[in-house]
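Peer 1: Input: one structure, supplied below.
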Amino acid sequence: MVERHGVERPGTEKRGVELRDVSFRAGGALILDRVSVRFEPGKLNVILGPNGAGKSTLLRIATGLAHATSGDVRYDGEPIAGLASEPLARRRAVLSQHVELAFALPEADVVLMGRYPHYGRVPTGYDLEIVNRALELVGMEDKRDQPYPTLSGGEQQKVHLARVLAQIWSDASAPGSAQAQRFLFLDEPTSGLDVHYQLHILKVVRGLLSPGCTVIAVLHDLNMAFEYGDHFVLLERGTVAVNTSDPRAIPAEVLERVFRVRARHLQTQGEDTGLWRFEL
Amino acid sequence: MGGDHAGRMPVARRSDTFVYLTLALVLLAALVASACLGAFTFTPARIASYLAQGAGWTPMREADTLGRSVFFQLRLPRVLLAALSGAVLGVSGTLMQGLFRNPIVEPGLAGTSAGAALGAALIFVLGGSTGALAFSAPLGVFAVPVLAFAGAFAATILVYRISSSFGKVNVFTLLLAGIAVNAVCGAGTGFLSYVARDPQARNIVFWSLGTFTTADWRGVALVGVCFAACFAISIGYAKPLNALMLGEDEAAYLGSDPRRLIARLLVVNTIMVAATTAMVGVIAFVGLVVPHALRMMRSSSYAFLLPASALLGATMMVVVDIVAREVIPPAELPIGIITAVIGAPVFLWILLRDQRSGSSGYYG
């Protein structure tokens, strides 16, 4: 088993998102048990694990939405517990899996919500510019006036991706803190989408990776995760079972135990494809 | 719904001003019409002359004391109270739809108005008896609005708590809770009006369907002050209300505090609805129809809906009041009959549409 989360590296790089001894208890049940992990910028960090392993709870705590029972969360070495929610929202954005919106808001208005933490009463020209560019980045600029409820599920998810991108948008022409570190969390961003939208969203996310941006995604599809991810944290009943950057270093026995399946690598002409095949 | 302005900027508010201006002009026309029409008919020129005399710009003309006093003591407060009540109910519908994240909520359906009526009826009816007097005396003239607020707040919180769980609002539970709270408050108010000695308090029609016949300057002042304060506060929350459309978690991710937002705006909403209900009774469906028409006409953005629903709500109520006076003169129709005739079909239509599109059940 690859157990690297316990390795201390004092004095090294503090960039990224760090969870220190995070435990979370709800109604007597221990959901997370002293989880310590570090997610580095410039990488697509993937959280994996079966249902009920504590992935969503971990994400809620890492984003600052929920508070750990003990332990703390740090962005670039700074505990987020003391941060006000609006300054935090300028640096940290979260794409959830199913955002329902019953009201007929034009697509561009939904994306503009990402700029809410940045402006006061009225959006600036820069905010509107970012909305346009975020929509272009996800390929949804043609439907900017279309009411959100009339979009397909995949299109709706693209709109929300554009919204969270607009929220932590950064470029050289940005006024103020253009060089600030940003943190993007994705909670099963591709669930319920067809394969085209799944790949599209992961491709856009990979395109964002930069030393200034830490990306953490909860993903369910293991093969897709291993193909697109850079670093992998596998949760098992509230603890970290695997913490590695090399998917090939994850033994089949661990996946079999954690996900309660039988797992083997797919071979093509005697060569390991790196893809897993799972059976009950 | 957006398609009307090809190529407009994201969230282009550049033509919102045009919409506001149009709505304001229509409201002005309705106000003038309402001031002119009635048992006493005034020409616009005569109204202008009264207003000039009232403002002291021209000397009082002794010949027309009756007309002038009818205008200033009866007609003008009635027109203004109708407009203010409509503005309150329109804005309240918008706010409650934002807080419940659901387009079918409004103060009449969610029990807010009925709770206010029960609270106000308590003072109106029991105000003369010694026990209630001892209780209400320290509150003085504010006894009615304060008790109306208490009743409205209790009813709203009850319905909100029952219908929402884990940050989501269940439509069916919401409607059922609203029916139950309305029934209980209605029964209480009915009982109180039955035992009342005061003729106005005995008027069950007043409490259940609303009327502007009792309008006076005190009511105009109370509703006007409450509306101005509550509207000014609400308009500052347009952004977080928009974010709340995505759900409580998403709103929090966008930097707002949804729990605090909901708590504050429920109080603000209850204050203005309570003041209005204490003065004009329970008027349903305005808060449903007005935001709905505006959502269809333009956008669901609260930055637009809040001011627009004040203008359109005022217009609708002033027009409804004209109809109430003109349909069967010299008698008057209760306001709630007319608003129900307009509003209930709209309500059913929204329910049907949502059922067909499969989006009924949960909004959030």
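All residue names refer to the structure tokens as shown: chains lettered A, B, ... in order, residues numbered from 1 in each chain, ligands numbered from 1 in order.
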Show me, as a short mmCIF file (atom, residue, chain, number, x, y, z; two decimals) with C-alpha atoms, in the first residue's frame, every residue of chain A with an atom at most 8 Å from chain B, counting only C-alpha atoms.
Peer 2:
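Contents of selection_2.cif, freshly written:
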```cif
data_model
loop_
_atom_site.label_atom_id
_atom_site.label_comp_id
_atom_site.auth_asym_id
_atom_site.auth_seq_id
_atom_site.Cartn_x
_atom_site.Cartn_y
_atom_site.Cartn_z
CA LEU A 65 -18.85 25.27 3.91
CA SER A 85 -16.97 34.22 3.33
CA GLU A 86 -16.83 36.92 0.67
CA PRO A 87 -13.03 37.34 0.49
CA LEU A 88 -12.82 33.55 0.50
CA ALA A 89 -15.32 33.39 -2.38
CA ARG A 90 -13.04 35.59 -4.49
CA ARG A 92 -12.29 29.69 -3.99
CA ALA A 93 -15.03 28.35 -6.26
CA VAL A 94 -17.04 25.13 -6.15
CA SER A 96 -21.48 21.06 -7.54
CA VAL A 99 -27.58 22.66 -9.29
CA GLU A 100 -31.30 23.15 -9.75
CA LEU A 101 -32.64 26.49 -10.85
CA ALA A 102 -36.39 26.76 -11.25
CA PHE A 103 -36.40 30.33 -12.52
CA ALA A 104 -35.99 31.49 -16.08
CA LEU A 105 -32.73 33.37 -15.80
CA PRO A 106 -30.73 33.97 -18.99
CA ALA A 108 -25.28 34.92 -18.95
CA ASP A 109 -26.99 36.05 -15.73
CA LEU A 112 -22.46 36.65 -13.80
CA MET A 113 -23.29 35.25 -10.34
CA GLY A 114 -19.68 34.09 -10.27
CA TYR A 116 -20.97 38.60 -7.22
CA PRO A 117 -18.16 38.44 -4.64
CA ARG A 121 -24.28 46.95 -6.74
CA LEU A 128 -19.06 41.48 -18.03
CA VAL A 131 -18.58 36.50 -18.23
CA ASN A 132 -18.14 36.57 -22.01
CA ARG A 144 -26.05 33.69 -23.65
CA ASP A 145 -29.63 34.99 -23.69
CA GLN A 146 -31.30 31.60 -23.57
CA PRO A 147 -33.23 30.93 -20.34
CA GLN A 167 -15.66 33.52 -9.93
#
```
Peer 1: Show which residues sit within 8 Å of Leu74 (chain B), as a VMD selection string. Count only C-alpha atoms, and ignore same-chain residues fewer than 4 positions away.
Peer 2: chain B and resid 69 to 70 78 215 to 216
Peer 1: Could those residues be written to a file, using N, CA and C atoms, as a PDB file, in the first residue's frame?
Peer 2:
```pdb
ATOM      1  N   SER B  69     -63.103  68.318   0.494  1.00  0.00           N
ATOM      2  CA  SER B  69     -62.928  67.449   1.654  1.00  0.00           C
ATOM      3  C   SER B  69     -63.173  65.988   1.284  1.00  0.00           C
ATOM      4  N   VAL B  70     -64.101  65.745   0.351  1.00  0.00           N
ATOM      5  CA  VAL B  70     -64.256  64.361  -0.136  1.00  0.00           C
ATOM      6  C   VAL B  70     -62.940  63.891  -0.748  1.00  0.00           C
ATOM      7  N   ARG B  78     -57.465  56.897  -0.064  1.00  0.00           N
ATOM      8  CA  ARG B  78     -57.837  55.582  -0.582  1.00  0.00           C
ATOM      9  C   ARG B  78     -56.958  55.180  -1.776  1.00  0.00           C
ATOM     10  N   ALA B 215     -59.984  53.419   4.263  1.00  0.00           N
ATOM     11  CA  ALA B 215     -58.689  54.088   4.125  1.00  0.00           C
ATOM     12  C   ALA B 215     -58.691  55.465   4.780  1.00  0.00           C
ATOM     13  N   ASP B 216     -57.630  55.758   5.514  1.00  0.00           N
ATOM     14  CA  ASP B 216     -57.450  57.108   6.061  1.00  0.00           C
ATOM     15  C   ASP B 216     -55.960  57.439   6.024  1.00  0.00           C
TER      16      ASP B 216
END
```
Peer 1: If you measure from CA of Ala221 (chain B) to CA of Ile271 (chain B), what distance in Å do you get, rounded to one decimal?
Peer 2: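 Spanning CA of Ala221 (chain B) to CA of Ile271 (chain B) is a straight-line distance of 14.2 Å.
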Peer 1: Run DSSP on the backbone and give me the residues of region 13-188 of chain A it puts in strand (DSSP E or B), as a PyMOL selection string.
Peer 2: chain A and resi 17-26+29-39+44-48+70-75+78-79+92-95+106+147+182-187
Peer 1: Go ahead and write the residues just picked, C-alpha atoms, as a JSON list (two decimals), in the first residue's frame.
Peer 2:
```json
[["chain", "number", "residue", "atom", "x", "y", "z"],
["A", 17, "VAL", "CA", -4.80, 23.16, 0.08],
["A", 18, "GLU", "CA", -3.81, 21.32, 3.18],
["A", 19, "LEU", "CA", -5.99, 19.36, 5.58],
["A", 20, "ARG", "CA", -4.39, 18.77, 8.96],
["A", 21, "ASP", "CA", -5.77, 16.00, 11.16],
["A", 22, "VAL", "CA", -9.31, 16.74, 10.04],
["A", 23, "SER", "CA", -11.99, 14.75, 11.83],
["A", 24, "PHE", "CA", -15.71, 15.16, 11.43],
["A", 25, "ARG", "CA", -18.35, 13.68, 13.63],
["A", 26, "ALA", "CA", -22.10, 13.77, 12.87],
["A", 29, "ALA", "CA", -20.73, 8.66, 13.71],
["A", 30, "LEU", "CA", -17.14, 9.42, 12.79],
["A", 31, "ILE", "CA", -17.35, 10.47, 9.13],
["A", 32, "LEU", "CA", -13.74, 11.58, 8.78],
["A", 33, "ASP", "CA", -10.99, 10.25, 11.03],
["A", 34, "ARG", "CA", -7.85, 12.41, 11.30],
["A", 35, "VAL", "CA", -7.43, 13.00, 7.58],
["A", 36, "SER", "CA", -4.20, 14.75, 6.63],
["A", 37, "VAL", "CA", -3.60, 15.48, 2.96],
["A", 38, "ARG", "CA", -2.04, 18.18, 0.85],
["A", 39, "PHE", "CA", -3.30, 19.14, -2.59],
["A", 44, "LEU", "CA", -5.60, 17.89, -11.07],
["A", 45, "ASN", "CA", -6.04, 16.40, -7.63],
["A", 46, "VAL", "CA", -8.65, 13.65, -7.55],
["A", 47, "ILE", "CA", -10.53, 12.37, -4.53],
["A", 48, "LEU", "CA", -11.79, 8.83, -5.02],
["A", 70, "SER", "CA", -11.16, 18.88, 14.99],
["A", 71, "GLY", "CA", -8.18, 19.71, 12.83],
["A", 72, "ASP", "CA", -7.96, 22.53, 10.33],
["A", 73, "VAL", "CA", -7.90, 23.44, 6.64],
["A", 74, "ARG", "CA", -5.24, 25.74, 5.23],
["A", 75, "TYR", "CA", -4.98, 27.50, 1.91],
["A", 78, "GLU", "CA", -3.32, 30.08, 6.11],
["A", 79, "PRO", "CA", -6.19, 28.55, 8.14],
["A", 92, "ARG", "CA", -12.29, 29.69, -3.99],
["A", 93, "ALA", "CA", -15.03, 28.35, -6.26],
["A", 94, "VAL", "CA", -17.04, 25.13, -6.15],
["A", 95, "LEU", "CA", -18.78, 23.31, -8.99],
["A", 106, "PRO", "CA", -30.73, 33.97, -18.99],
["A", 147, "PRO", "CA", -33.23, 30.93, -20.34],
["A", 182, "ARG", "CA", -6.95, 30.34, -6.52],
["A", 183, "PHE", "CA", -8.70, 27.15, -5.46],
["A", 184, "LEU", "CA", -11.21, 25.24, -7.53],
["A", 185, "PHE", "CA", -13.28, 22.37, -6.18],
["A", 186, "LEU", "CA", -15.37, 20.09, -8.36],
["A", 187, "ASP", "CA", -17.88, 17.73, -6.76]]
```
Peer 1: From the options A:Leu234, A:Ala249, A:Ala263, A:Val242, which residue's atoms come nearest to Asn51 (chain A), counting only C-alpha atoms?
Peer 2: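 Of A:Leu234, A:Ala249, A:Ala263, A:Val242, the one nearest Asn51 (chain A) is A:Leu234, counting only C-alpha atoms.
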Peer 1: In Å to one decimal, how far is CA of Val289 (chain B) from CA of Ala120 (chain B)?
Peer 2: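 Value for the CA of Ala120 (chain B)-CA of Val289 (chain B) distance: 25.6 Å.
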Peer 1: So how far away is CA of Leu208 (chain A) from CA of Gln181 (chain A), in Å?
Peer 2: 12.8 Å
Peer 1: So, counting only C-alpha atoms, which residue among B:Ile328, B:Leu333, B:Gly93, B:Leu37 is closest to Leu109 (chain B)?
Peer 2: B:Gly93
Peer 1: Region 280-282 of chain B: which residues within 8 Å, counting only C-alpha atoms, same-chain residues fewer than 5 positions away excluded, as a JSON list (two decimals) with C-alpha atoms, in the first residue's frame?
Peer 2:
```json
[["chain", "number", "residue", "atom", "x", "y", "z"],
["B", 85, "SER", "CA", -50.69, 48.06, -0.45],
["B", 108, "GLY", "CA", -51.78, 35.19, 1.01],
["B", 113, "SER", "CA", -51.46, 37.76, 5.68],
["B", 114, "ALA", "CA", -53.85, 35.47, 7.58],
["B", 117, "ALA", "CA", -55.14, 39.50, 10.26],
["B", 206, "PHE", "CA", -62.79, 43.10, 5.59],
["B", 207, "TRP", "CA", -60.56, 40.43, 7.16],
["B", 208, "SER", "CA", -60.92, 37.75, 4.56],
["B", 209, "LEU", "CA", -61.15, 39.67, 1.27],
["B", 210, "GLY", "CA", -59.75, 43.09, 1.96],
["B", 211, "THR", "CA", -61.18, 46.53, 1.28],
["B", 212, "PHE", "CA", -60.04, 50.12, 0.91],
["B", 214, "THR", "CA", -61.79, 52.40, 5.54],
["B", 215, "ALA", "CA", -58.69, 54.09, 4.12],
["B", 336, "GLY", "CA", -60.03, 39.89, -2.78]]
```
Peer 1: Counting only C-alpha atoms, which residue out of B:Ile123, B:Ala48, B:Ala110, B:Ile350 sits closest to Leu175 (chain B)?
Peer 2: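 Among the listed residues, B:Ala110 lies closest to Leu175 (chain B).
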Peer 1: In region 19-181 of chain A, what's alpha helix (DSSP H) per DSSP? Answer as a PyMOL selection string?
Peer 2: chain A and resi 55-62+85-91+107-112+125-137+153-167
Peer 1: Which one of A:Ala84, A:Val159, A:Gly27, A:Gly49 sits closest to Phe232 (chain A) if you count only C-alpha atoms?
Peer 2: A:Gly49
Peer 1: Could you name the residues that touch Val254 (chain A) at 10 Å or less, counting only C-alpha atoms, but leaving out those on the same chain fewer than 2 positions away, as a compact mmCIF listing (two decimals) with N, CA and C atoms, in the first residue's frame?
Peer 2:
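Below is the file result37.txt, written as the result:
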```
# COMPACT_ATOMS: atom_id res chain seq x y z
N MET A 1 0.85 -1.20 0.00
CA MET A 1 0.00 0.00 0.00
C MET A 1 0.88 1.25 0.00
N VAL A 2 0.44 2.24 -0.71
CA VAL A 2 1.24 3.46 -0.80
C VAL A 2 0.74 4.44 0.26
N LEU A 234 -7.41 8.28 -2.21
CA LEU A 234 -8.49 7.31 -2.13
C LEU A 234 -8.97 7.23 -0.69
N GLU A 236 -11.31 5.68 2.32
CA GLU A 236 -11.99 4.45 2.72
C GLU A 236 -12.51 4.65 4.13
N ALA A 241 -6.81 5.88 2.34
CA ALA A 241 -6.25 4.55 2.07
C ALA A 241 -5.05 4.66 1.15
N VAL A 242 -5.14 5.57 0.16
CA VAL A 242 -4.07 5.74 -0.80
C VAL A 242 -3.88 7.22 -1.07
N ILE A 250 -1.18 1.87 -7.49
CA ILE A 250 -2.31 1.45 -6.66
C ILE A 250 -2.58 -0.02 -6.92
N PRO A 251 -2.38 -0.86 -5.93
CA PRO A 251 -2.55 -2.28 -6.16
C PRO A 251 -4.02 -2.66 -6.35
N ALA A 252 -4.25 -3.68 -7.17
CA ALA A 252 -5.61 -4.15 -7.42
C ALA A 252 -6.31 -4.53 -6.12
N GLU A 256 -10.02 -3.50 -4.86
CA GLU A 256 -10.99 -4.57 -4.62
C GLU A 256 -11.57 -4.46 -3.23
N ARG A 257 -10.71 -4.18 -2.25
CA ARG A 257 -11.18 -4.08 -0.87
C ARG A 257 -12.07 -2.84 -0.69
N VAL A 258 -11.58 -1.69 -1.18
CA VAL A 258 -12.28 -0.43 -0.93
C VAL A 258 -13.62 -0.39 -1.67
N PHE A 259 -13.64 -0.82 -2.91
CA PHE A 259 -14.88 -0.71 -3.71
C PHE A 259 -15.71 -1.99 -3.71
N ARG A 260 -15.21 -3.03 -3.07
CA ARG A 260 -15.91 -4.31 -2.96
C ARG A 260 -16.24 -4.86 -4.35
N ALA A 263 -11.02 -6.51 -9.46
CA ALA A 263 -10.40 -5.55 -10.38
C ALA A 263 -9.21 -6.19 -11.08
```
Peer 1: What's around region 150-155 of chain A at 6 Å? Count only C-alpha atoms, leave out sequence neighbours fewer than 3 positions away in its own chain, and write the answer as a PyMOL selection string.
Peer 2: chain A and resi 147+158+193+197
Peer 1: Those residues you just picked out, can you put them in a file as a short mmCIF file (atom, residue, chain, number, x, y, z; two decimals), in the first residue's frame with N, CA and C atoms?
Peer 2:
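File out11.cif, as written:
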```
data_model
loop_
_atom_site.label_atom_id
_atom_site.label_comp_id
_atom_site.auth_asym_id
_atom_site.auth_seq_id
_atom_site.Cartn_x
_atom_site.Cartn_y
_atom_site.Cartn_z
N PRO A 147 -32.90 31.20 -21.75
CA PRO A 147 -33.23 30.93 -20.34
C PRO A 147 -32.61 29.61 -19.90
N LYS A 158 -22.18 23.03 -18.12
CA LYS A 158 -21.17 23.92 -18.72
C LYS A 158 -21.36 25.35 -18.25
N LEU A 193 -23.78 13.14 -16.94
CA LEU A 193 -23.57 13.73 -18.27
C LEU A 193 -23.16 12.65 -19.26
N TYR A 197 -19.90 15.39 -22.90
CA TYR A 197 -19.81 16.47 -21.92
C TYR A 197 -18.81 16.14 -20.83
#
```
Peer 1: I need the residue nearest Gly151 (chain B) from this list: B:Ile262, B:Leu222, B:Leu118, B:Leu174. Use only C-alpha atoms for the distance.
Peer 2: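 So, comparing all the options, the nearest one is B:Leu118.
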